[in-house]
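Asker: Coordinates in work03.txt, compact mmCIF, C-alpha atoms, are listed below.
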# COMPACT_ATOMS: atom_id res chain seq x y z
CA MET A 1 14.64 33.03 19.42
CA SER A 2 15.51 29.43 19.34
CA GLU A 3 17.92 28.21 16.79
CA ASN A 4 15.99 25.04 16.20
CA PHE A 5 13.97 23.84 13.26
CA ASN A 6 11.85 20.77 12.72
CA LEU A 7 13.20 17.57 11.21
CA GLU A 8 11.12 14.67 9.98
CA ILE A 9 12.59 11.46 8.68
CA ILE A 10 9.91 9.30 7.11
CA SER A 11 10.20 5.86 5.58
CA PRO A 12 7.34 4.05 3.83
CA ASP A 13 6.42 2.08 6.91
CA GLN A 14 7.00 4.52 9.74
CA ILE A 15 8.00 7.95 10.94
CA LEU A 16 11.55 7.50 12.17
CA LEU A 17 12.12 10.89 13.65
CA ASN A 18 10.08 13.99 14.24
CA THR A 19 11.80 16.45 16.48
CA ALA A 20 13.38 19.87 16.81
CA VAL A 21 17.02 19.97 15.82
CA LYS A 22 19.83 22.48 15.67
CA GLN A 23 21.61 21.39 12.54
CA VAL A 24 21.52 18.53 10.09
CA THR A 25 24.18 17.39 7.66
CA ILE A 26 22.92 15.37 4.72
CA PRO A 27 24.79 13.58 1.94
CA ALA A 28 23.16 15.41 -0.95
CA TYR A 29 23.66 14.18 -4.47
CA GLU A 30 26.38 16.64 -5.29
CA GLY A 31 28.09 16.77 -1.91
CA LEU A 32 27.58 17.13 1.79
CA MET A 33 25.16 19.81 2.83
CA THR A 34 24.64 21.25 6.27
CA ILE A 35 21.29 22.77 6.98
CA LEU A 36 20.69 25.34 9.70
CA LYS A 37 17.63 27.34 10.56
CA ASP A 38 16.29 29.67 7.84
CA HIS A 39 17.90 27.79 5.01
CA ILE A 40 16.55 28.62 1.57
CA ALA A 41 13.70 26.38 0.32
CA LEU A 42 15.31 23.37 -1.26
CA ILE A 43 14.63 20.06 -2.93
CA THR A 44 17.40 17.56 -3.48
CA PHE A 45 18.37 13.89 -3.52
CA LEU A 46 20.53 11.84 -1.28
CA ARG A 47 23.36 9.56 -2.22
CA PRO A 48 24.61 6.86 0.18
CA GLY A 49 26.13 8.41 3.26
CA PHE A 50 25.40 9.58 6.78
CA ILE A 51 22.81 11.94 8.09
CA ASP A 52 24.16 13.77 11.13
CA VAL A 53 21.44 15.14 13.32
CA GLU A 54 22.55 17.61 15.96
CA GLN A 55 20.14 18.31 18.74
CA GLU A 56 20.65 20.44 21.84
CA ASN A 57 23.05 18.12 23.54
CA LYS A 58 23.40 15.00 21.47
CA ILE A 59 24.34 13.95 17.98
CA GLU A 60 22.61 11.12 16.17
CA LYS A 61 23.91 9.43 13.07
CA PHE A 62 21.88 7.61 10.44
CA TYR A 63 23.09 5.56 7.54
CA VAL A 64 21.10 6.20 4.37
CA GLU A 65 21.22 4.87 0.82
CA GLU A 66 18.84 7.07 -1.07
CA GLY A 67 16.12 9.55 -0.42
CA THR A 68 14.47 12.83 -1.19
CA VAL A 69 14.87 15.98 0.85
CA GLU A 70 12.64 18.98 1.03
CA PHE A 71 13.31 22.04 3.14
CA PHE A 72 10.61 24.63 3.40
CA ASN A 73 9.52 27.10 6.03
CA ASN A 74 11.97 25.74 8.60
CA LYS A 75 10.73 22.21 8.15
CA LEU A 76 13.16 19.63 6.90
CA LEU A 77 11.60 16.56 5.42
CA ILE A 78 13.63 13.50 4.52
CA LEU A 79 11.82 10.74 2.65
CA THR A 80 13.81 7.57 2.41
CA SER A 81 13.16 3.86 2.26
CA THR A 82 16.62 2.84 3.46
CA THR A 83 17.56 4.52 6.68
CA ILE A 84 19.02 2.85 9.68
CA LYS A 85 20.43 4.21 12.89
CA LEU A 86 24.17 3.76 12.87
CA GLU A 87 24.27 1.87 16.16
CA LYS A 88 21.81 -0.66 14.81
CA LEU A 89 24.11 -1.73 12.00
CA THR A 90 26.06 -4.79 13.04
CA LYS A 91 29.55 -5.68 11.91
CA GLU A 92 28.38 -8.72 9.98
CA ASN A 93 25.73 -6.73 8.20
CA ILE A 94 28.26 -4.20 7.08
CA VAL A 95 30.71 -6.80 5.83
CA LYS A 96 27.91 -8.47 3.90
CA MET A 97 26.80 -5.19 2.38
CA ILE A 98 30.37 -4.29 1.40
CA ASP A 99 30.77 -7.58 -0.40
CA GLU A 100 27.48 -7.13 -2.23
CA THR A 101 28.42 -3.63 -3.26
CA LYS A 102 31.79 -4.75 -4.57
CA VAL A 103 30.12 -7.32 -6.78
CA LEU A 104 27.78 -4.65 -8.12
CA LEU A 105 30.64 -2.30 -8.84
CA GLU A 106 32.41 -4.88 -10.98
CA ASN A 107 29.39 -5.28 -13.21
CA PRO A 108 30.48 -3.72 -16.52
CA GLU A 109 26.95 -2.84 -17.59
CA ILE A 110 26.31 -0.08 -15.07
CA ASN A 111 26.37 3.50 -16.25
CA ASP A 112 28.29 6.41 -14.78
CA LYS A 113 25.47 7.60 -12.58
CA GLU A 114 25.02 4.21 -10.96
CA LYS A 115 28.75 3.86 -10.61
CA TYR A 116 28.92 7.16 -8.82
CA ILE A 117 26.24 6.09 -6.35
CA ILE A 118 27.62 2.62 -5.76
CA SER A 119 31.14 3.83 -5.17
CA HIS A 120 29.82 6.26 -2.60
CA LYS A 121 27.99 3.45 -0.91
CA LEU A 122 31.15 1.40 -0.74
CA GLU A 123 33.12 4.31 0.63
CA THR A 124 30.53 4.98 3.31
CA LEU A 125 30.35 1.38 4.35
CA GLN A 126 34.09 1.10 4.59
CA GLN A 127 34.11 4.18 6.76
CA ILE A 128 31.86 2.52 9.31
CA SER A 129 33.72 -0.73 9.54
CA MET B 1 -41.12 -32.08 8.11
CA PRO B 2 -37.51 -33.05 8.79
CA SER B 3 -37.01 -35.87 11.22
CA LEU B 4 -35.55 -35.32 14.67
CA ASP B 5 -32.29 -36.86 13.62
CA ASP B 6 -31.96 -34.53 10.63
CA LEU B 7 -32.58 -31.53 12.79
CA ARG B 8 -29.99 -32.63 15.31
CA LYS B 9 -27.41 -33.08 12.57
CA ARG B 10 -28.22 -29.70 11.11
CA ILE B 11 -27.78 -27.99 14.47
CA VAL B 12 -24.39 -29.62 14.99
CA SER B 13 -23.24 -28.56 11.54
CA VAL B 14 -24.34 -24.95 11.97
CA LYS B 15 -22.63 -24.86 15.33
CA SER B 16 -19.34 -26.00 13.89
CA THR B 17 -19.60 -23.43 11.08
CA GLN B 18 -20.17 -20.84 13.75
CA LYS B 19 -17.00 -21.92 15.50
CA ILE B 20 -15.02 -21.48 12.30
CA THR B 21 -16.39 -18.04 11.52
CA LYS B 22 -15.78 -16.98 15.09
CA ALA B 23 -12.17 -18.09 14.89
CA MET B 24 -11.73 -16.31 11.56
CA LYS B 25 -13.14 -13.17 13.07
CA MET B 26 -10.64 -13.32 15.91
CA VAL B 27 -7.74 -13.85 13.53
CA ALA B 28 -8.89 -11.03 11.28
CA ALA B 29 -9.24 -8.71 14.26
CA ALA B 30 -5.68 -9.43 15.35
CA LYS B 31 -4.33 -8.97 11.85
CA LEU B 32 -6.40 -5.88 11.31
CA ARG B 33 -4.74 -4.02 14.13
CA LYS B 34 -1.35 -4.56 12.60
CA ALA B 35 -2.46 -3.81 9.07
CA GLN B 36 -4.21 -0.67 10.20
CA GLU B 37 -1.09 0.53 11.98
CA ASN B 38 0.95 -0.13 8.86
CA ALA B 39 -1.50 1.71 6.66
CA GLU B 40 -1.58 4.68 8.96
CA ARG B 41 2.18 4.80 9.25
CA GLY B 42 2.56 4.56 5.51
CA ARG B 43 0.28 7.47 4.79
CA PRO B 44 2.63 10.37 5.64
CA TYR B 45 5.28 9.10 3.25
CA SER B 46 3.05 8.92 0.20
CA GLU B 47 1.31 12.16 1.07
CA LYS B 48 4.54 14.07 1.48
CA MET B 49 5.87 12.57 -1.72
CA GLN B 50 2.80 13.77 -3.59
CA ASN B 51 3.31 17.17 -2.05
CA ILE B 52 6.89 17.44 -3.21
CA ILE B 53 5.91 16.46 -6.71
CA LEU B 54 3.15 19.01 -6.64
CA ASN B 55 5.57 21.72 -5.63
CA LEU B 56 7.97 20.61 -8.32
CA THR B 57 5.29 20.71 -10.94
CA ASP B 58 4.41 24.22 -9.98
CA SER B 59 7.91 25.50 -10.39
CA ILE B 60 8.87 23.65 -13.54
CA SER B 61 10.43 26.00 -16.03
CA ASP B 62 9.58 24.33 -19.29
CA PRO B 63 6.28 22.47 -19.08
CA GLN B 64 6.40 21.30 -22.71
CA ASN B 65 9.51 19.27 -22.18
CA ALA B 66 8.58 17.87 -18.80
CA PRO B 67 8.93 14.11 -18.36
CA LYS B 68 6.18 12.08 -19.98
CA LEU B 69 5.29 10.43 -16.69
CA LEU B 70 4.13 13.79 -15.46
CA ILE B 71 2.29 15.25 -18.41
CA GLY B 72 1.31 12.05 -20.17
CA THR B 73 1.84 11.04 -23.76
CA GLY B 74 -0.59 13.62 -25.02
CA ARG B 75 -2.99 10.94 -26.13
CA ASP B 76 -5.87 9.32 -24.32
CA GLN B 77 -6.32 6.14 -26.33
CA THR B 78 -5.12 3.22 -24.26
CA HIS B 79 -5.96 2.87 -20.60
CA LEU B 80 -4.12 0.51 -18.32
CA CYS B 81 -6.13 -0.51 -15.29
CA VAL B 82 -4.39 -2.08 -12.34
CA VAL B 83 -6.98 -3.86 -10.24
CA MET B 84 -5.71 -4.69 -6.80
CA THR B 85 -7.61 -7.31 -4.83
CA SER B 86 -6.85 -9.86 -2.16
CA ASP B 87 -5.61 -13.41 -2.56
CA ARG B 88 -8.06 -14.90 -0.12
CA GLY B 89 -11.82 -14.97 -0.09
CA LEU B 90 -14.37 -14.89 2.71
CA CYS B 91 -13.99 -11.19 3.25
CA GLY B 92 -17.45 -9.87 2.54
CA GLY B 93 -17.86 -7.44 -0.31
CA PHE B 94 -14.21 -6.47 -0.37
CA ASN B 95 -13.25 -7.94 -3.73
CA SER B 96 -16.62 -7.45 -5.37
CA ASN B 97 -16.61 -3.78 -4.49
CA ILE B 98 -13.31 -3.20 -6.24
CA CYS B 99 -14.36 -5.25 -9.23
CA ARG B 100 -17.67 -3.48 -9.50
CA LEU B 101 -15.96 -0.11 -9.62
CA ALA B 102 -13.43 -1.41 -12.12
CA LYS B 103 -16.10 -2.95 -14.35
CA LYS B 104 -18.00 0.30 -14.44
CA TYR B 105 -14.86 2.03 -15.60
CA PHE B 106 -14.12 -0.66 -18.19
CA GLU B 107 -17.56 -0.26 -19.68
CA LYS B 108 -17.09 3.46 -19.97
CA ILE B 109 -13.73 3.02 -21.70
CA LEU B 110 -15.05 0.45 -24.13
CA LYS B 111 -18.07 2.55 -24.93
CA GLU B 112 -15.79 5.41 -25.90
CA GLU B 113 -13.98 2.96 -28.18
CA LYS B 114 -10.68 3.24 -26.38
CA ASN B 115 -8.27 0.42 -25.81
CA LEU B 116 -8.33 -1.34 -22.52
CA LYS B 117 -5.54 -3.23 -20.82
CA ILE B 118 -5.83 -4.83 -17.42
CA ILE B 119 -3.31 -5.99 -14.88
CA THR B 120 -4.75 -7.88 -11.96
CA VAL B 121 -2.93 -8.00 -8.66
CA GLY B 122 -4.24 -10.67 -6.34
CA SER B 123 -5.93 -13.83 -7.53
CA LYS B 124 -9.51 -13.07 -6.42
CA GLY B 125 -9.83 -10.12 -8.75
CA HIS B 126 -8.54 -12.18 -11.61
CA ASP B 127 -11.15 -14.84 -10.93
CA GLN B 128 -13.92 -12.29 -10.99
CA LEU B 129 -12.79 -10.45 -14.09
CA LYS B 130 -11.51 -13.20 -16.34
CA ARG B 131 -14.87 -14.35 -17.64
CA GLU B 132 -16.06 -11.01 -18.90
CA TYR B 133 -12.82 -9.19 -19.55
CA GLY B 134 -10.40 -12.10 -19.92
CA LYS B 135 -9.12 -11.00 -23.32
CA TYR B 136 -8.06 -7.62 -21.99
CA ILE B 137 -6.02 -8.98 -19.10
CA ILE B 138 -2.40 -8.71 -20.10
CA LYS B 139 -0.80 -9.69 -16.86
CA LYS B 140 -1.71 -11.43 -13.66
CA LEU B 141 0.31 -10.84 -10.54
CA SER B 142 -0.20 -12.63 -7.29
CA PHE B 143 1.75 -12.67 -4.08
CA LYS B 144 -0.15 -15.53 -2.53
CA ASN B 145 2.89 -17.20 -1.06
CA LYS B 146 4.22 -14.04 0.54
CA LYS B 147 3.24 -13.64 4.13
CA LYS B 148 3.73 -9.93 4.29
CA ILE B 149 3.67 -7.47 1.44
CA SER B 150 6.67 -5.19 1.62
CA PHE B 151 8.02 -2.40 -0.49
CA VAL B 152 9.87 -4.95 -2.64
CA GLU B 153 6.61 -6.36 -4.02
CA ALA B 154 5.21 -2.90 -4.60
CA ASN B 155 8.36 -2.06 -6.48
CA GLU B 156 7.86 -5.10 -8.66
CA VAL B 157 4.38 -3.96 -9.62
CA GLY B 158 5.68 -0.45 -10.17
CA LYS B 159 8.45 -1.72 -12.44
CA THR B 160 5.97 -3.71 -14.49
CA ILE B 161 3.90 -0.61 -15.02
CA LEU B 162 6.92 1.52 -15.91
CA ASP B 163 8.25 -1.05 -18.36
CA LEU B 164 4.95 -1.04 -20.19
CA PHE B 165 4.95 2.73 -20.22
CA ASP B 166 8.45 2.85 -21.68
CA LYS B 167 7.29 0.59 -24.46
CA ASN B 168 4.45 2.99 -25.18
CA GLU B 169 1.87 0.37 -24.35
CA PHE B 170 -0.58 2.75 -22.71
CA ASP B 171 -1.34 6.42 -22.18
CA LYS B 172 -3.10 6.42 -18.86
CA CYS B 173 -2.74 4.22 -15.83
CA ILE B 174 -5.40 3.86 -13.18
CA LEU B 175 -5.10 2.04 -9.90
CA PHE B 176 -8.12 0.37 -8.29
CA PHE B 177 -8.01 -0.40 -4.60
CA ASN B 178 -9.98 -0.12 -1.38
CA ASN B 179 -9.29 2.85 0.79
CA PHE B 180 -9.41 2.00 4.46
CA LYS B 181 -11.56 4.44 6.36
CA ASN B 182 -12.47 2.43 9.40
CA VAL B 183 -13.36 -1.14 10.27
CA MET B 184 -16.89 -0.82 8.95
CA THR B 185 -16.24 1.31 5.90
CA GLN B 186 -13.85 0.71 3.07
CA ILE B 187 -14.22 2.87 0.04
CA PRO B 188 -13.24 1.48 -3.34
CA GLU B 189 -11.19 4.07 -5.13
CA ALA B 190 -9.75 4.70 -8.58
CA GLN B 191 -6.54 6.66 -8.59
CA GLN B 192 -4.84 7.82 -11.72
CA ILE B 193 -1.08 7.45 -11.39
CA ILE B 194 0.13 8.10 -14.92
CA PRO B 195 0.11 10.93 -15.84
CA THR B 196 0.41 12.22 -12.33
CA GLU B 197 -2.84 13.76 -11.29
CA VAL B 198 -2.24 17.22 -9.97
CA LYS B 199 -4.80 18.18 -7.43
CA LYS B 200 -4.60 21.88 -6.92
CA ASN B 201 -4.69 22.97 -3.34
CA SER B 202 -6.84 26.03 -3.21
CA LYS B 203 -5.49 27.21 0.09
CA LYS B 204 -1.91 27.17 -1.05
CA ASN B 205 -1.58 30.41 -2.90
CA GLU B 206 1.89 31.48 -1.94
CA GLU B 207 4.58 30.84 -4.48
CA ILE B 208 7.56 29.01 -3.13
CA PHE B 209 10.85 29.29 -4.92
CA TYR B 210 12.85 26.19 -4.36
CA GLU B 211 16.49 25.70 -4.92
CA PHE B 212 17.10 22.51 -6.81
CA GLU B 213 20.14 20.38 -6.72
CA PRO B 214 20.60 18.90 -9.32
CA ASP B 215 18.09 20.72 -11.57
CA GLU B 216 14.33 20.19 -11.70
CA ASP B 217 14.28 17.86 -14.66
CA GLU B 218 16.76 15.47 -13.18
CA ILE B 219 14.96 15.41 -9.86
CA LEU B 220 11.63 14.81 -11.53
CA GLU B 221 13.02 12.07 -13.70
CA ASP B 222 14.22 10.25 -10.63
CA LEU B 223 11.28 11.02 -8.42
CA LEU B 224 8.38 10.13 -10.70
CA PRO B 225 9.17 6.44 -11.15
CA LYS B 226 9.75 6.19 -7.43
CA ASN B 227 6.42 7.83 -6.82
CA ILE B 228 4.66 5.14 -8.87
CA SER B 229 6.02 2.41 -6.62
CA ILE B 230 5.12 4.41 -3.56
CA GLN B 231 1.55 4.89 -4.68
CA VAL B 232 1.31 1.17 -5.41
CA PHE B 233 2.72 0.43 -1.99
CA LYS B 234 0.20 2.73 -0.40
CA ALA B 235 -2.56 0.93 -2.24
CA PHE B 236 -1.20 -2.38 -0.96
CA LEU B 237 -1.24 -1.17 2.62
CA GLU B 238 -4.72 0.31 2.37
CA ASN B 239 -5.92 -2.84 0.71
CA SER B 240 -4.57 -5.20 3.34
CA ALA B 241 -6.10 -3.16 6.14
CA SER B 242 -9.40 -3.04 4.27
CA GLU B 243 -9.30 -6.76 3.61
CA GLN B 244 -8.92 -7.61 7.27
CA GLY B 245 -11.53 -5.08 8.32
CA SER B 246 -13.95 -6.35 5.74
CA ARG B 247 -13.33 -9.95 6.75
CA MET B 248 -13.82 -9.13 10.38
CA THR B 249 -17.20 -7.50 9.79
CA ALA B 250 -18.28 -10.28 7.45
CA MET B 251 -17.28 -13.00 9.88
CA ASP B 252 -18.90 -11.17 12.75
CA SER B 253 -22.24 -11.08 11.02
CA ALA B 254 -21.79 -14.68 9.88
CA THR B 255 -21.27 -15.72 13.49
CA ARG B 256 -24.36 -13.83 14.51
CA ASN B 257 -26.44 -15.33 11.72
CA ALA B 258 -25.29 -18.80 12.66
CA GLY B 259 -26.36 -18.11 16.25
CA ASP B 260 -29.81 -17.04 15.08
CA LEU B 261 -30.10 -20.11 12.93
CA VAL B 262 -29.13 -22.40 15.81
CA ASN B 263 -31.81 -20.81 18.00
CA LYS B 264 -34.45 -21.27 15.35
CA LEU B 265 -33.46 -24.85 14.70
CA THR B 266 -33.39 -25.65 18.40
CA ILE B 267 -36.95 -24.39 18.83
CA ASN B 268 -38.02 -26.44 15.85
CA TYR B 269 -36.22 -29.46 17.25
CA ASN B 270 -37.85 -29.14 20.68
CA ARG B 271 -41.28 -28.69 19.15
CA SER B 272 -41.04 -31.77 17.02
CA ARG B 273 -39.69 -33.75 19.96
CA GLN B 274 -42.66 -32.62 22.01
CA ALA B 275 -44.99 -33.58 19.19
CA VAL B 276 -43.51 -37.05 19.03
CA ILE B 277 -43.95 -37.53 22.79
CA THR B 278 -47.54 -36.31 22.65
CA LYS B 279 -48.27 -38.61 19.77
CA GLU B 280 -46.87 -41.60 21.67
CA LEU B 281 -48.90 -40.72 24.74
CA ILE B 282 -52.08 -40.48 22.71
CA GLU B 283 -51.35 -43.86 21.20
CA ILE B 284 -50.79 -45.45 24.62
CA ILE B 285 -53.89 -43.86 26.16
CA SER B 286 -56.19 -44.71 23.29
CA GLY B 287 -54.77 -48.24 23.27
CA ALA B 288 -55.50 -48.60 27.01
CA GLU B 289 -59.04 -47.19 26.54
CA SER B 290 -59.96 -49.66 23.85
CA LEU B 291 -59.21 -52.60 26.11
Translate this structure into structure tokens?
Answerer:
Amino acid sequence: MSENFNLEIISPDQILLNTAVKQVTIPAYEGLMTILKDHIALITFLRPGFIDVEQENKIEKFYVEEGTVEFFNNKLLILTSTTIKLEKLTKENIVKMIDETKVLLENPEINDKEKYIISHKLETLQQIS
Amino acid sequence: MPSLDDLRKRIVSVKSTQKITKAMKMVAAAKLRKAQENAERGRPYSEKMQNIILNLTDSISDPQNAPKLLIGTGRDQTHLCVVMTSDRGLCGGFNSNICRLAKKYFEKILKEEKNLKIITVGSKGHDQLKREYGKYIIKKLSFKNKKKISFVEANEVGKTILDLFDKNEFDKCILFFNNFKNVMTQIPEAQQIIPTEVKKNSKKNEEIFYEFEPDEDEILEDLLPKNISIQVFKAFLENSASEQGSRMTAMDSATRNAGDLVNKLTINYNRSRQAVITKELIEIISGAESL
């Protein structure tokens, strides 16, 4: 019995990934979540963070800002409009994004939920740089 | 009988029209490939999203208190129709097909004495609808100056719709667009997006118990508005592929028609030229005979 299950990462304009994987760690809304084979059926959201995809012999990392996750029948489906492979993020991009996020965070009109998400985004971005 | 000179001018003009339509066909063919790819790549996302929402709907614990976007306002009085057309013409029946379908629907609504509100996306649809249904059009969106429609624009349309819904401006929202089947066939389609239309899958009988994090209501509240934008985006993609396909076919037949016309005119031209020569010969011969 293989320990693998199927992972699909889909954005509105393309299928980013569709392969068999061993384990996936996603930044779910209420905390990190690692999914292995035969996980219970699940629907959840993503907050900004990293998706760690572990295949047989390599690990891939994606940066993600939001998304929806469904796990069912050993198929993991991640729908997101803002995913990018970590290696493809350049230093300048990150610095720019950090600055933008900081400005957003200082806006007094945002509510707690938005604040929670934005601060996670900032934290994640700072981790990369 | 047109003179020889007229005929020659006519042939030249038809030939240059043919050149233009041929060039447009080439451009449309090139663009079509890209648009078609985009549309096909965009399909899984919207389909899977619909699926998730379907599953969520099935397992909702308290259907009475479900978000309004899902179950509707409970009334069926005001219909908002979003008619999505292209910004450019010369694409065969593309825009007229959408408008025809939309008009049919409008008539039905008005007959039932319900309120009608229209949002047009794309300037061609607005041009076609404004004369008859101008007073119902509440908003006109156009992305003429954008080279490529991205998710951002779709989001803008989605936001407009949601804002109106929050203000209780309508009870039902229907999207009109062309579904791209292949280059020759584009099917105009009306899709209801608010309240979310739940198409029951007959083959899916098994009950799935999902774990939700956070709970169902919160997920639905976040997912439904997103779904609106996604459906709009899907419509955009399908539309742009259809537009190019439709233009390609239209321009192809225009080129062929121009070719036929040139052939016919050339035959006409040669005949009249021959007639003129014959006439001159007769004149010369009969002149020589009379001497």
Asker: Using all atoms listed in the file, pick whichever of A:Asn74, A:Asn4, A:Thr25, A:Thr80 has the shortest atom-to-atom distance to chain B.
Answerer: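 Among A:Asn74, A:Asn4, A:Thr25, A:Thr80, it is A:Thr80 that comes nearest to chain B.
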Asker: If we count all atoms listed in the file, what is near segment 53-55 of chain A at a cut-off of 8 Å, once residues fewer than 5 positions away on the same chain are taken out, given as a PyMOL selection string?
Answerer: chain A and resi 20-25+60-61
Asker: Find, counting only C-alpha atoms, the residue in A:Leu125, A:Val69, A:Leu76, A:Leu42 that gets nearest to chain B.
Answerer: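 For chain B, the nearest of the candidates is A:Leu42.
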Asker: Find the residues near Val121 of chain B: any atom within 8 Å, counting all atoms listed in the file, skip ones fewer than 6 places away on the same chain, and give them as an NGL selection string.
Answerer: :B and (82-86 or 140-142)
Asker: Chain A near chain B within 6 Å: what's each residue's closest atom pair and its distance in Å to one decimal, counting all atoms listed in the file, ordered by chain then ascending residue number, as CSV?
Answerer:
residue,atom,partner,partner_atom,distance
A:Pro12,CA,B:Gly42,CA,5.1
A:Asp13,CA,B:Gly42,CA,4.8
A:Gln14,CA,B:Arg41,CA,4.9
A:Ala41,CA,B:Tyr210,CA,4.8
A:Leu42,CA,B:Glu211,CA,4.5
A:Ile43,CA,B:Phe212,CA,5.2
A:Thr44,CA,B:Glu213,CA,5.1
Asker: Quote the spacing between atom CA of Asp6 of chain B and atom CA of Gln18 of chain B in Å to one decimal place.
Answerer: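 Distance reported for this atom pair: 18.3 Å.
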Asker: Would you please work out which residue, of A:Glu100, A:Glu70, A:Glu30, A:Glu109, is nearest to Glu8 of chain A when using only C-alpha atoms?
Answerer: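 The closest residue to Glu8 of chain A is A:Glu70.
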Asker: If I take atom CA of Arg247 of chain B and atom CA of Gly92 of chain B, how far is one from the other in Å, to one decimal?
Answerer: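 Atom CA of Gly92 of chain B lies at a distance of 5.9 Å from atom CA of Arg247 of chain B.
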Asker: Please report the interatomic distance between atom CA of Phe176 of chain B and atom CA of Ile9 of chain A in Å with one decimal.
Answerer: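 Answer for the atom CA of Phe176 of chain B to atom CA of Ile9 of chain A separation: 29.0 Å.
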Asker: Hey, which of B:Ser290, B:Ser3, B:Gln186, B:Thr78 ends up closest to Glu112 of chain B? Count only C-alpha atoms.
Answerer: B:Thr78
Asker: Any idea what's packed within 9 Å of Glu197 of chain B, counting all atoms listed in the file, ignoring anything in its chain fewer than 5 positions away? Could you give it as a list in words?
Answerer: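 Counting all atoms listed in the file, the residues come to Leu70, Ile71, Gln191 and Gln192 of chain B.
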Asker: Residues of the last selection are to be written out with C-alpha atoms, as an mmCIF file, in the coordinates of the input.
Answerer:
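Just written: selection_17.cif:
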data_model
loop_
_atom_site.group_PDB
_atom_site.id
_atom_site.type_symbol
_atom_site.label_atom_id
_atom_site.label_comp_id
_atom_site.auth_asym_id
_atom_site.auth_seq_id
_atom_site.Cartn_x
_atom_site.Cartn_y
_atom_site.Cartn_z
ATOM 1 C CA LEU B 70 4.130 13.790 -15.460
ATOM 2 C CA ILE B 71 2.290 15.250 -18.410
ATOM 3 C CA GLN B 191 -6.540 6.660 -8.590
ATOM 4 C CA GLN B 192 -4.840 7.820 -11.720
#
Asker: Ranking A:Lys121, A:Ser81, A:Pro108, A:Leu46 by minimum distance to Ile15 of chain A and counting only C-alpha atoms, which one comes first?
Answerer: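 Closest candidate: A:Ser81.
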Asker: Please provide as an MDAnalysis selection string all residues within 6 Å of Leu79 of chain A, with the sequence filter that same-chain residues fewer than 4 positions apart are discarded (counting all atoms listed in the file).
Answerer: chainID A and resid 10:11 67:68
Asker: Near Pro48 of chain A, within 9 Å and counting all atoms listed in the file, which residues show up once chain neighbours fewer than 2 positions away are dropped, as a ChimeraX atom specification?
Answerer: /A:27-29,46,50,63-67,117-125
Asker: Determine the nearest neighbour of Asn18 of chain A from the options A:Lys88, A:Asp52, A:Phe71, A:Ile78, counting only C-alpha atoms.
Answerer: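 The answer is A:Ile78, which sits nearest to Asn18 of chain A.
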